[in-house]
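Visitor: I have a structure I would like to understand better, so I am pasting it below and will then ask my questions one at a time.
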Amino acid sequence: MSTVTTDPHAHAEHEHHGPAKGLKRWLYTTNHKDIGTLYLLFSLLMFFIGGAMAMVIRAELFQPGLQIVEPNFFNQMTTVHGLIMVFGAVMPAFTGLANWLIPMMIGAPDMALPRMNNWSFWILPFAFSILLASLFMEGGGPSFGWTFYAPLSTTYSNDSTALFVFSVHIMGISSIMGAINVIVTIMNLRAPGMTYMKMPLFVWTWFITAYLLIAVMPVLAGVVTMVLTDKYFGTSFFDAAGGGDPVLFQHIFWFFGHPEVYIMILPAFGIISSIVPTFARKPLFGYASMVYATSSIALLSFLVWAHHMFTTGMPVAAELFFMYCTMLIAVPTGVKVFNWVATMWRGAMTFEVPMMFSLAFIVLFTIGGFSGLMLAITPADFQYHDTYFVVAHFHYVLVTGAIFSIMAAAYYWLPKWTGHMYDETLGQWHFWCSLISVNVLFFPMHFVGLAGMPRRIPDYALQFADFNALISIGGFAFGLSQLLFVALVVKCIKGGEKATDQVWEGAEGLEWTIPSPAPYHSFTTPPEVK
Amino acid sequence: MARTSYLCWSLLTFLLAFSTQSAEMPLNMTQGVTEISQQVYNLHMKIFYICCAIGIAVFGVMFWSIIHHRKSKGVEPAQFHESTKVELLWTAFPVLILILMAIPATQTLIAMEDTSEADVTVLITGSQWKWHYKYMDHKVEYFSLLATPRQQIDNKLSKGENYLLEVDRPLVIPTGKKVRFLVTSDDVIHSWWVPAFAVKKDANPGFINEAWTRVDQPGVYRGQCAELCGKDHGFMPVVVIAKEQADFDQWIAQEAATQAAAKEAELKLLAMNMSKEELMTLGEKVYMGYCAACHQPNGMGIPGVFPALKGSKMALENLPGHIDIVLNGKTGTSMQAFDKQLTLSEIAAVVTYERNAWDNNTGDLVQAADIAKAQSK
Ligand SMILES: [Cu+2]
């Protein structure tokens with residue numbers, strides 16, 4: 001080491017590599033850790049903006065009758081809430097985690113394409129500013145649901161559609177660039193000795209997710225462009241009067257949309273597969289089968305899109321095909337859950353906050369999987385479709401699934417990021433408040449849906465009143481509980497008990513071999529993996 | 001910790017108290033009133049029980065582990081992992097269960113999609129935000145609109161028993177007969193749903209979907225539009241009355257006679273002139289029922305979405321254009337054609353109303369004959 005300090009050239013280079021000061025550090029940064037942090041903070045901000053919209057929705061639905069907002073504004077809230085949560089909260093959070101963790105997990109100094117990395121983050125704020133600004137247009141922002149079915153989004157929408165299309169394009173470009181970066185990094189920058197089948201599962205799941213992103217984001221870009229040209233340039237892709245078909249829109253949208261939901265859950269599987277072995281102090285039960293299960297879920301995700309469209313009037317043969325394929329997805333998903341449980345079996349478990357969120361994930365995501373299996377049964381889907389049963393289903397897989405896994409990840413790696421242990425008591429409070437409120441919020445939705453309440457309505461029949469009040473209370477409580485998380489993160493950044501390198505007793509993997517907080521540059525010389 | 005558990009318990013009791021209050025809401029899917037809806041319910045319960053069984057097994061093992069295999073109990077972690085045998089087992093077993101589930105689901109689905117040999121056929125057309133029913137074998141057709149008064153929605157009157165689930169003219173079908181529904185739309189996608197029949201079919205503009213039902217019990221069955229269709233998607237209910245065949249025959253004969261008579265009366269009206277007062281009263285009624293959802297009761301519209309009629313150039317100056325847009329709508333916008341929805345005198349009245357209400361004081365009076373003239377052009 002002494003040679004390094006005496007060598008003037010090396011010294012100069014070393015100085016050059018420290019973080020710049022002030023705002024410029026964040027604007028110009030090409031450092032994977034800085035960009036990871038930017039993504040994570042951005043996603044937290046979006047989580048609160050999208051959450052505020054959910055609060056408006058729940059406030060309006062607290063009682064029957066119209067009290068707080070007009071139906072047109074209500075529709076804008078459901079639409080933009082969905083778009084923000086999917087594209088602004090969940091996806092950037094996972095990309096942020098990928099940025100922070102993938103290089104540290106594979107022993108790389110940074111992402112392979114650092115300048116593109118900067119760009120793929122910094123176009124996001126523009127995308128969401130455009131989307132949010134459209135709410136202030138004459139006639140308001142997009143109000144056709146996050147699924148923007150034509151012709152509601154073409155002929156029958158106002159001019160905010162143009163802004164919506166533009167912002168979705170930017171989000172798509174950002175996602176594609178992020179995905180390319182992940183793939184190139186994983187393929188090229190693994191430390192010597194780290195074969196594919198030695199990669200941590202978080203890396204594996206993101207690797208597969210990145211391929212899904214590259215496969216389907218262009219499809220989304222295509223379909224929004226078709227919406228744009230149908231609306232403004234006289235094409236008739238989705239207009240029967242010009243030889244088009246509105247159902248074609250749904251086929252294209254869901255060909256993107258279904259892999260998209262796996263994009264939001266595969267990295268979660270990776271996170272849970274990292275956390276459970278650590279706190280069970282026992283290796284993951286079936287590493288290889290987890291990799292194969294993830295790959296088969298990814299492949300199957302291209303064959304099930306029309307299960308969102310059973311009521312559109314497809315031929316019976318198509319309905320049967322999509323029903324069978326959808327049911328099949330339960331198999332690899334089951335394999336995952338069984339593996340986590342088998343990992344816990346005869347371990348020596350402790351229950352720090354990351355583990356608590358992971359355990360909650362396993363139970364609640366599985367409940368979401370069960371309702372998914374129910375939805376796959378086409379004849380039954382005719383009753384469930386477009387009701388609160390579906391709303392319950394996808395919030396179980398997205399909130400108690402994806403978002404709980406992100407929370408688990410944040411708690412798990414916060415000490416590595418900040419160098420401080422988070423406040424365990426505050427974390428437990430956050431967990432328990434979230435767990436209880438999220439179930440008060442989403443569980444009754446199953447009943448409301450079975451009883452026949454359609455989704456996306458601002459007002460409802462009297463029989464649904466009590467349950468909706470209860471759901472709203474759960475919603476407000478869940479929203480408030482998340483403030484605890486912000487307090488905890490701020491506290492953890494500012495100080496706290498010093499974290500060790502390994503942080504968690506049972507933690508294994510390259511990221512736990514470097515100091516906490518992780519130095520600005522890590523693995524400048526690759527480690528040897530045996 | 002004691003405080004936390006106290007909190008949990010009080011919340012739980014609160015929840016239980018809540019759930020007993022809402023005894024009116026069924027907590028499960030309806031069994032409905034048709035053979036198909038019963039089959040669908042059975043499928044739903046079957047898959048639900050399967051999920052429960054798997055859930056109990058998986059969560060049981062997991063919680064056993066959580067309780068017994070914790071570090072605080074001083075256990076040493078085992079280090080076993082990887083077992084192809086186990087992996088194969090828990091792949092194959094679910095596949096078997098799924099096959100068992102797929103068989104009855106396939107049978108029911110095929111039965112549901114068999115629309116052949118129907119006794120009665122009804123064409124259902126959705127449009128923003130109402131349903132139109134047309135009996136293909138009779139000269140009967142009409143629109144069906146939400147009947148809940150605006151004041152109830154705005155919380156100015158107490159809400160009735162069937163709040164938001166009531167319409168002015170329900171669909172009527174005979175019991176014990178296979179009724180085929182042809183479902184389509186005039187504008188955006190809607191979805192016609194009656195839970196008691198387990199029928200939910202999208203209404204796609206430019207295409208016709210088919211569905212069917214056979215209801216054995218006479219009764220009133222309520223549902224709603226299930227596909228987001230714009231601003232008033234939540235205010236587009238479906239009500240179906242199932243009547244014994246004899247009652248149905250009587251009803252449809254009477255309905256056909258009334259509709260034929262109304263057409264004749266309409267022709268007679270052409271020769272008559274209504275007074276301004278009559279026109280304005282009728283016009284306001286029609287406007288509130290058919291136009292206010294978009295153009296708003298005060299005529300101000302919703303900027304950027306639905307144009308204001310108050311002070312609009314068309315309502316103030318262009319009378320032929322005004323009549324034309326109400327009669328024929330404007331393609332490519334949500335302004336629909338009211339030609340078939342309203343009678344000549346109703347159209348005359350609503351145009352008169354729009355030209356004289358909200359300080360639009362043009363003084364123009366439009367009569368049914370004027371509308372007939374515009375129509376024949
Ligand atoms: Cu509708």
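Following the order of the structure tokens, first chain is A, next is B, and so on, with residues numbered from 1 inside each chain and ligands from 1 in the order they appear.
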Env of Gly474 of chain A: 6 Å cut, atoms = only C-alpha atoms, seq-sep filter 6 positions within chain, self excluded. Answer as JSON, numbers by chain.
Guide: {"A": [437, 440, 441]}
Visitor: For those residues, write C-alpha atoms to a file as a PDB file, in the first residue's frame.
Guide:
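result-v2.pdb, freshly written:
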```
ATOM      1  CA  SER A 437     -53.154  -1.021   8.437  1.00  0.00           C
ATOM      2  CA  VAL A 440     -57.393  -3.292   7.138  1.00  0.00           C
ATOM      3  CA  LEU A 441     -56.970  -1.438   3.868  1.00  0.00           C
TER       4      LEU A 441
END
```
Visitor: Set the cut-off to 10 Å, count only C-alpha atoms and all ligand atoms, and list whatever residues fall near ligand 1 as a PDB file with all heavy atoms, in the first residue's frame.
Guide:
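Ended up saving to selection-v5.pdb:
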```pdb
ATOM      1  N   GLY B 126     -74.371  -0.003 -25.196  1.00  0.00           N
ATOM      2  CA  GLY B 126     -73.948   0.947 -24.175  1.00  0.00           C
ATOM      3  C   GLY B 126     -73.576   2.255 -24.834  1.00  0.00           C
ATOM      4  O   GLY B 126     -73.096   2.281 -25.964  1.00  0.00           O
ATOM      5  N   SER B 127     -73.833   3.359 -24.144  1.00  0.00           N
ATOM      6  CA  SER B 127     -73.281   4.637 -24.583  1.00  0.00           C
ATOM      7  C   SER B 127     -73.128   5.468 -23.324  1.00  0.00           C
ATOM      8  O   SER B 127     -73.665   5.126 -22.287  1.00  0.00           O
ATOM      9  CB  SER B 127     -74.168   5.313 -25.621  1.00  0.00           C
ATOM     10  OG  SER B 127     -75.411   5.625 -25.066  1.00  0.00           O
ATOM     11  N   GLN B 128     -72.338   6.544 -23.422  1.00  0.00           N
ATOM     12  CA  GLN B 128     -72.051   7.305 -22.212  1.00  0.00           C
ATOM     13  C   GLN B 128     -73.342   7.933 -21.689  1.00  0.00           C
ATOM     14  O   GLN B 128     -73.904   8.798 -22.332  1.00  0.00           O
ATOM     15  CB  GLN B 128     -71.015   8.377 -22.524  1.00  0.00           C
ATOM     16  CG  GLN B 128     -69.607   7.788 -22.635  1.00  0.00           C
ATOM     17  CD  GLN B 128     -68.577   8.844 -22.942  1.00  0.00           C
ATOM     18  OE1 GLN B 128     -68.874   9.836 -23.601  1.00  0.00           O
ATOM     19  NE2 GLN B 128     -67.358   8.654 -22.493  1.00  0.00           N
ATOM     20  N   TRP B 129     -73.878   7.652 -20.697  1.00  0.00           N
ATOM     21  CA  TRP B 129     -73.798   6.671 -19.676  1.00  0.00           C
ATOM     22  C   TRP B 129     -75.167   6.108 -19.464  1.00  0.00           C
ATOM     23  O   TRP B 129     -75.884   6.457 -18.547  1.00  0.00           O
ATOM     24  CB  TRP B 129     -73.228   7.323 -18.408  1.00  0.00           C
ATOM     25  CG  TRP B 129     -71.800   7.752 -18.660  1.00  0.00           C
ATOM     26  CD1 TRP B 129     -70.718   6.921 -18.711  1.00  0.00           C
ATOM     27  CD2 TRP B 129     -71.307   9.069 -18.955  1.00  0.00           C
ATOM     28  NE1 TRP B 129     -69.574   7.650 -19.013  1.00  0.00           N
ATOM     29  CE2 TRP B 129     -69.912   8.965 -19.159  1.00  0.00           C
ATOM     30  CE3 TRP B 129     -71.913  10.306 -19.086  1.00  0.00           C
ATOM     31  CZ2 TRP B 129     -69.120  10.068 -19.465  1.00  0.00           C
ATOM     32  CZ3 TRP B 129     -71.116  11.394 -19.383  1.00  0.00           C
ATOM     33  CH2 TRP B 129     -69.727  11.262 -19.568  1.00  0.00           C
ATOM     34  N   LYS B 130     -75.563   5.280 -20.420  1.00  0.00           N
ATOM     35  CA  LYS B 130     -76.877   4.649 -20.388  1.00  0.00           C
ATOM     36  C   LYS B 130     -76.839   3.381 -21.236  1.00  0.00           C
ATOM     37  O   LYS B 130     -75.909   3.160 -22.006  1.00  0.00           O
ATOM     38  CB  LYS B 130     -77.936   5.604 -20.941  1.00  0.00           C
ATOM     39  CG  LYS B 130     -77.549   6.250 -22.265  1.00  0.00           C
ATOM     40  CD  LYS B 130     -78.565   7.313 -22.623  1.00  0.00           C
ATOM     41  CE  LYS B 130     -78.096   8.301 -23.665  1.00  0.00           C
ATOM     42  NZ  LYS B 130     -77.235   9.354 -23.200  1.00  0.00           N
ATOM     43  N   TRP B 131     -77.851   2.549 -21.050  1.00  0.00           N
ATOM     44  CA  TRP B 131     -77.969   1.340 -21.858  1.00  0.00           C
ATOM     45  C   TRP B 131     -79.172   1.458 -22.757  1.00  0.00           C
ATOM     46  O   TRP B 131     -80.179   2.071 -22.397  1.00  0.00           O
ATOM     47  CB  TRP B 131     -78.114   0.104 -20.954  1.00  0.00           C
ATOM     48  CG  TRP B 131     -76.919  -0.154 -20.096  1.00  0.00           C
ATOM     49  CD1 TRP B 131     -76.798   0.142 -18.773  1.00  0.00           C
ATOM     50  CD2 TRP B 131     -75.677  -0.747 -20.498  1.00  0.00           C
ATOM     51  NE1 TRP B 131     -75.550  -0.232 -18.320  1.00  0.00           N
ATOM     52  CE2 TRP B 131     -74.845  -0.783 -19.364  1.00  0.00           C
ATOM     53  CE3 TRP B 131     -75.188  -1.253 -21.692  1.00  0.00           C
ATOM     54  CZ2 TRP B 131     -73.552  -1.297 -19.384  1.00  0.00           C
ATOM     55  CZ3 TRP B 131     -73.906  -1.769 -21.722  1.00  0.00           C
ATOM     56  CH2 TRP B 131     -73.096  -1.785 -20.577  1.00  0.00           C
ATOM     57  N   SER B 185     -71.480  -1.246 -28.365  1.00  0.00           N
ATOM     58  CA  SER B 185     -71.407   0.102 -27.809  1.00  0.00           C
ATOM     59  C   SER B 185     -71.425   1.138 -28.920  1.00  0.00           C
ATOM     60  O   SER B 185     -71.024   0.862 -30.053  1.00  0.00           O
ATOM     61  CB  SER B 185     -70.127   0.253 -26.989  1.00  0.00           C
ATOM     62  OG  SER B 185     -69.855   1.619 -26.770  1.00  0.00           O
ATOM     63  N   ASP B 187     -69.977   4.235 -28.244  1.00  0.00           N
ATOM     64  CA  ASP B 187     -68.833   5.137 -28.070  1.00  0.00           C
ATOM     65  C   ASP B 187     -67.627   4.408 -27.482  1.00  0.00           C
ATOM     66  O   ASP B 187     -66.855   3.816 -28.214  1.00  0.00           O
ATOM     67  CB  ASP B 187     -69.222   6.379 -27.241  1.00  0.00           C
ATOM     68  CG  ASP B 187     -70.116   6.048 -26.054  1.00  0.00           C
ATOM     69  OD1 ASP B 187     -69.842   5.068 -25.346  1.00  0.00           O
ATOM     70  OD2 ASP B 187     -71.084   6.804 -25.806  1.00  0.00           O
ATOM     71  N   VAL B 188     -67.464   4.449 -26.169  1.00  0.00           N
ATOM     72  CA  VAL B 188     -66.302   3.799 -25.557  1.00  0.00           C
ATOM     73  C   VAL B 188     -66.686   2.381 -25.142  1.00  0.00           C
ATOM     74  O   VAL B 188     -67.809   1.952 -25.369  1.00  0.00           O
ATOM     75  CB  VAL B 188     -65.803   4.588 -24.324  1.00  0.00           C
ATOM     76  CG1 VAL B 188     -65.403   5.978 -24.736  1.00  0.00           C
ATOM     77  CG2 VAL B 188     -66.858   4.609 -23.245  1.00  0.00           C
ATOM     78  N   ILE B 189     -65.760   1.672 -24.528  1.00  0.00           N
ATOM     79  CA  ILE B 189     -66.071   0.319 -24.080  1.00  0.00           C
ATOM     80  C   ILE B 189     -66.823   0.374 -22.751  1.00  0.00           C
ATOM     81  O   ILE B 189     -66.421   1.090 -21.831  1.00  0.00           O
ATOM     82  CB  ILE B 189     -64.776  -0.506 -23.926  1.00  0.00           C
ATOM     83  CG1 ILE B 189     -64.049  -0.586 -25.265  1.00  0.00           C
ATOM     84  CG2 ILE B 189     -65.087  -1.893 -23.395  1.00  0.00           C
ATOM     85  CD1 ILE B 189     -62.696  -1.261 -25.192  1.00  0.00           C
ATOM     86  N   HIS B 190     -67.918  -0.332 -22.692  1.00  0.00           N
ATOM     87  CA  HIS B 190     -68.647  -0.522 -21.441  1.00  0.00           C
ATOM     88  C   HIS B 190     -68.659  -2.021 -21.165  1.00  0.00           C
ATOM     89  O   HIS B 190     -68.175  -2.814 -21.969  1.00  0.00           O
ATOM     90  CB  HIS B 190     -70.076  -0.006 -21.553  1.00  0.00           C
ATOM     91  CG  HIS B 190     -70.190   1.430 -21.988  1.00  0.00           C
ATOM     92  ND1 HIS B 190     -70.283   2.462 -21.096  1.00  0.00           N
ATOM     93  CD2 HIS B 190     -70.205   1.990 -23.212  1.00  0.00           C
ATOM     94  CE1 HIS B 190     -70.355   3.604 -21.761  1.00  0.00           C
ATOM     95  NE2 HIS B 190     -70.310   3.355 -23.054  1.00  0.00           N
ATOM     96  N   SER B 191     -69.219  -2.398 -20.040  1.00  0.00           N
ATOM     97  CA  SER B 191     -69.336  -3.826 -19.771  1.00  0.00           C
ATOM     98  C   SER B 191     -70.640  -4.085 -19.033  1.00  0.00           C
ATOM     99  O   SER B 191     -70.888  -3.512 -17.979  1.00  0.00           O
ATOM    100  CB  SER B 191     -68.128  -4.295 -18.953  1.00  0.00           C
ATOM    101  OG  SER B 191     -68.100  -5.697 -18.919  1.00  0.00           O
ATOM    102  N   TRP B 192     -71.457  -4.930 -19.647  1.00  0.00           N
ATOM    103  CA  TRP B 192     -72.804  -5.184 -19.112  1.00  0.00           C
ATOM    104  C   TRP B 192     -72.730  -6.338 -18.117  1.00  0.00           C
ATOM    105  O   TRP B 192     -72.340  -7.439 -18.474  1.00  0.00           O
ATOM    106  CB  TRP B 192     -73.738  -5.539 -20.265  1.00  0.00           C
ATOM    107  CG  TRP B 192     -75.180  -5.466 -19.922  1.00  0.00           C
ATOM    108  CD1 TRP B 192     -75.965  -4.348 -19.863  1.00  0.00           C
ATOM    109  CD2 TRP B 192     -76.056  -6.566 -19.622  1.00  0.00           C
ATOM    110  NE1 TRP B 192     -77.252  -4.672 -19.538  1.00  0.00           N
ATOM    111  CE2 TRP B 192     -77.343  -6.029 -19.382  1.00  0.00           C
ATOM    112  CE3 TRP B 192     -75.885  -7.944 -19.515  1.00  0.00           C
ATOM    113  CZ2 TRP B 192     -78.439  -6.821 -19.053  1.00  0.00           C
ATOM    114  CZ3 TRP B 192     -76.974  -8.731 -19.181  1.00  0.00           C
ATOM    115  CH2 TRP B 192     -78.243  -8.178 -18.957  1.00  0.00           C
ATOM    116  N   ASP B 202     -68.154  -7.362 -22.287  1.00  0.00           N
ATOM    117  CA  ASP B 202     -67.762  -6.022 -22.716  1.00  0.00           C
ATOM    118  C   ASP B 202     -68.578  -5.593 -23.919  1.00  0.00           C
ATOM    119  O   ASP B 202     -68.865  -6.403 -24.802  1.00  0.00           O
ATOM    120  CB  ASP B 202     -66.278  -5.989 -23.084  1.00  0.00           C
ATOM    121  CG  ASP B 202     -65.390  -6.048 -21.858  1.00  0.00           C
ATOM    122  OD1 ASP B 202     -65.937  -6.161 -20.745  1.00  0.00           O
ATOM    123  OD2 ASP B 202     -64.159  -5.987 -22.013  1.00  0.00           O
ATOM    124  N   ALA B 203     -68.919  -4.312 -23.918  1.00  0.00           N
ATOM    125  CA  ALA B 203     -69.600  -3.709 -25.060  1.00  0.00           C
ATOM    126  C   ALA B 203     -68.543  -2.944 -25.836  1.00  0.00           C
ATOM    127  O   ALA B 203     -68.103  -1.887 -25.405  1.00  0.00           O
ATOM    128  CB  ALA B 203     -70.703  -2.776 -24.574  1.00  0.00           C
ATOM    129  N   GLN B 224     -74.188  -3.380 -12.674  1.00  0.00           N
ATOM    130  CA  GLN B 224     -73.621  -2.101 -13.049  1.00  0.00           C
ATOM    131  C   GLN B 224     -72.717  -2.261 -14.259  1.00  0.00           C
ATOM    132  O   GLN B 224     -72.268  -3.366 -14.560  1.00  0.00           O
ATOM    133  CB  GLN B 224     -72.779  -1.548 -11.896  1.00  0.00           C
ATOM    134  CG  GLN B 224     -73.585  -0.875 -10.803  1.00  0.00           C
ATOM    135  CD  GLN B 224     -72.711  -0.407  -9.664  1.00  0.00           C
ATOM    136  OE1 GLN B 224     -72.404  -1.173  -8.760  1.00  0.00           O
ATOM    137  NE2 GLN B 224     -72.291   0.839  -9.721  1.00  0.00           N
ATOM    138  N   CYS B 225     -72.395  -1.132 -14.870  1.00  0.00           N
ATOM    139  CA  CYS B 225     -71.373  -1.133 -15.902  1.00  0.00           C
ATOM    140  C   CYS B 225     -70.043  -1.428 -15.217  1.00  0.00           C
ATOM    141  O   CYS B 225     -69.724  -0.848 -14.190  1.00  0.00           O
ATOM    142  CB  CYS B 225     -71.307   0.214 -16.606  1.00  0.00           C
ATOM    143  SG  CYS B 225     -69.941   0.316 -17.781  1.00  0.00           S
ATOM    144  N   ALA B 226     -69.278  -2.363 -15.786  1.00  0.00           N
ATOM    145  CA  ALA B 226     -68.063  -2.792 -15.096  1.00  0.00           C
ATOM    146  C   ALA B 226     -66.782  -2.244 -15.715  1.00  0.00           C
ATOM    147  O   ALA B 226     -65.724  -2.379 -15.124  1.00  0.00           O
ATOM    148  CB  ALA B 226     -67.996  -4.315 -15.066  1.00  0.00           C
ATOM    149  N   GLU B 227     -66.869  -1.656 -16.898  1.00  0.00           N
ATOM    150  CA  GLU B 227     -65.633  -1.177 -17.525  1.00  0.00           C
ATOM    151  C   GLU B 227     -65.612   0.349 -17.499  1.00  0.00           C
ATOM    152  O   GLU B 227     -66.570   0.990 -17.913  1.00  0.00           O
ATOM    153  CB  GLU B 227     -65.553  -1.683 -18.973  1.00  0.00           C
ATOM    154  CG  GLU B 227     -64.290  -1.264 -19.722  1.00  0.00           C
ATOM    155  CD  GLU B 227     -63.033  -1.824 -19.108  1.00  0.00           C
ATOM    156  OE1 GLU B 227     -62.914  -3.048 -18.984  1.00  0.00           O
ATOM    157  OE2 GLU B 227     -62.165  -1.014 -18.714  1.00  0.00           O
ATOM    158  N   LEU B 228     -64.489   0.899 -17.023  1.00  0.00           N
ATOM    159  CA  LEU B 228     -64.361   2.357 -16.939  1.00  0.00           C
ATOM    160  C   LEU B 228     -64.738   2.990 -18.276  1.00  0.00           C
ATOM    161  O   LEU B 228     -64.138   2.678 -19.309  1.00  0.00           O
ATOM    162  CB  LEU B 228     -62.928   2.736 -16.570  1.00  0.00           C
ATOM    163  CG  LEU B 228     -62.633   4.235 -16.530  1.00  0.00           C
ATOM    164  CD1 LEU B 228     -63.476   4.938 -15.485  1.00  0.00           C
ATOM    165  CD2 LEU B 228     -61.160   4.500 -16.281  1.00  0.00           C
ATOM    166  N   CYS B 229     -65.743   3.873 -18.262  1.00  0.00           N
ATOM    167  CA  CYS B 229     -66.244   4.404 -19.534  1.00  0.00           C
ATOM    168  C   CYS B 229     -66.339   5.914 -19.490  1.00  0.00           C
ATOM    169  O   CYS B 229     -67.124   6.509 -20.210  1.00  0.00           O
ATOM    170  CB  CYS B 229     -67.586   3.776 -19.874  1.00  0.00           C
ATOM    171  SG  CYS B 229     -68.827   3.962 -18.591  1.00  0.00           S
ATOM    172  N   GLY B 230     -65.544   6.532 -18.622  1.00  0.00           N
ATOM    173  CA  GLY B 230     -65.555   7.992 -18.580  1.00  0.00           C
ATOM    174  C   GLY B 230     -66.118   8.496 -17.269  1.00  0.00           C
ATOM    175  O   GLY B 230     -66.241   7.753 -16.304  1.00  0.00           O
ATOM    176  N   LYS B 231     -66.459   9.758 -17.277  1.00  0.00           N
ATOM    177  CA  LYS B 231     -66.808  10.473 -16.056  1.00  0.00           C
ATOM    178  C   LYS B 231     -67.891   9.773 -15.227  1.00  0.00           C
ATOM    179  O   LYS B 231     -67.728   9.580 -14.034  1.00  0.00           O
ATOM    180  CB  LYS B 231     -67.271  11.870 -16.456  1.00  0.00           C
ATOM    181  CG  LYS B 231     -67.764  12.744 -15.354  1.00  0.00           C
ATOM    182  CD  LYS B 231     -68.021  14.134 -15.897  1.00  0.00           C
ATOM    183  CE  LYS B 231     -69.296  14.812 -15.468  1.00  0.00           C
ATOM    184  NZ  LYS B 231     -70.522  14.118 -15.402  1.00  0.00           N
ATOM    185  N   ASP B 232     -68.995   9.391 -15.846  1.00  0.00           N
ATOM    186  CA  ASP B 232     -70.105   8.843 -15.065  1.00  0.00           C
ATOM    187  C   ASP B 232     -70.191   7.320 -15.118  1.00  0.00           C
ATOM    188  O   ASP B 232     -71.266   6.736 -15.032  1.00  0.00           O
ATOM    189  CB  ASP B 232     -71.431   9.478 -15.509  1.00  0.00           C
ATOM    190  CG  ASP B 232     -71.599  10.856 -14.880  1.00  0.00           C
ATOM    191  OD1 ASP B 232     -70.753  11.227 -14.036  1.00  0.00           O
ATOM    192  OD2 ASP B 232     -72.566  11.558 -15.214  1.00  0.00           O
ATOM    193  N   HIS B 233     -69.030   6.696 -15.218  1.00  0.00           N
ATOM    194  CA  HIS B 233     -68.971   5.238 -15.224  1.00  0.00           C
ATOM    195  C   HIS B 233     -69.672   4.644 -14.003  1.00  0.00           C
ATOM    196  O   HIS B 233     -70.304   3.589 -14.084  1.00  0.00           O
ATOM    197  CB  HIS B 233     -67.507   4.810 -15.261  1.00  0.00           C
ATOM    198  CG  HIS B 233     -67.258   3.402 -14.858  1.00  0.00           C
ATOM    199  ND1 HIS B 233     -67.893   2.335 -15.455  1.00  0.00           N
ATOM    200  CD2 HIS B 233     -66.452   2.870 -13.911  1.00  0.00           C
ATOM    201  CE1 HIS B 233     -67.478   1.210 -14.882  1.00  0.00           C
ATOM    202  NE2 HIS B 233     -66.607   1.502 -13.947  1.00  0.00           N
ATOM    203  N   GLY B 234     -69.586   5.316 -12.895  1.00  0.00           N
ATOM    204  CA  GLY B 234     -70.191   4.795 -11.667  1.00  0.00           C
ATOM    205  C   GLY B 234     -71.700   4.989 -11.615  1.00  0.00           C
ATOM    206  O   GLY B 234     -72.343   4.586 -10.649  1.00  0.00           O
ATOM    207  N   PHE B 235     -72.260   5.619 -12.649  1.00  0.00           N
ATOM    208  CA  PHE B 235     -73.672   5.959 -12.587  1.00  0.00           C
ATOM    209  C   PHE B 235     -74.430   5.352 -13.762  1.00  0.00           C
ATOM    210  O   PHE B 235     -75.223   5.995 -14.410  1.00  0.00           O
ATOM    211  CB  PHE B 235     -73.828   7.485 -12.567  1.00  0.00           C
ATOM    212  CG  PHE B 235     -73.057   8.124 -11.441  1.00  0.00           C
ATOM    213  CD1 PHE B 235     -71.752   8.575 -11.629  1.00  0.00           C
ATOM    214  CD2 PHE B 235     -73.611   8.226 -10.171  1.00  0.00           C
ATOM    215  CE1 PHE B 235     -71.033   9.134 -10.585  1.00  0.00           C
ATOM    216  CE2 PHE B 235     -72.895   8.786  -9.119  1.00  0.00           C
ATOM    217  CZ  PHE B 235     -71.602   9.228  -9.324  1.00  0.00           C
ATOM    218  N   MET B 236     -74.104   4.099 -14.025  1.00  0.00           N
ATOM    219  CA  MET B 236     -74.640   3.444 -15.212  1.00  0.00           C
ATOM    220  C   MET B 236     -75.130   2.045 -14.857  1.00  0.00           C
ATOM    221  O   MET B 236     -74.581   1.042 -15.289  1.00  0.00           O
ATOM    222  CB  MET B 236     -73.501   3.379 -16.242  1.00  0.00           C
ATOM    223  CG  MET B 236     -73.934   3.094 -17.635  1.00  0.00           C
ATOM    224  SD  MET B 236     -72.523   3.269 -18.741  1.00  0.00           S
ATOM    225  CE  MET B 236     -73.118   2.254 -20.083  1.00  0.00           C
ATOM    226  N   PRO B 237     -76.181   1.973 -14.028  1.00  0.00           N
ATOM    227  CA  PRO B 237     -76.601   0.655 -13.541  1.00  0.00           C
ATOM    228  C   PRO B 237     -77.374  -0.150 -14.588  1.00  0.00           C
ATOM    229  O   PRO B 237     -77.797   0.369 -15.613  1.00  0.00           O
ATOM    230  CB  PRO B 237     -77.514   0.991 -12.363  1.00  0.00           C
ATOM    231  CG  PRO B 237     -78.021   2.349 -12.648  1.00  0.00           C
ATOM    232  CD  PRO B 237     -76.971   3.059 -13.453  1.00  0.00           C
TER     233      PRO B 237
END
```
Visitor: If you count only C-alpha atoms, which residues fall within 6 Å of segment 165-180 of chain B, apart from same-chain ones fewer than 4 positions away, as a list in words?
Guide: Ala118, Asp119, Val120, Thr121, Ser144, Leu145, Leu146, Ala147, Ala211, Trp212, Thr213, Arg214, Val215, Asp216, Pro237, Val239, Val240, Ile241, Ala242, Lys243, Glu244, Gln245 and Phe248 of chain B
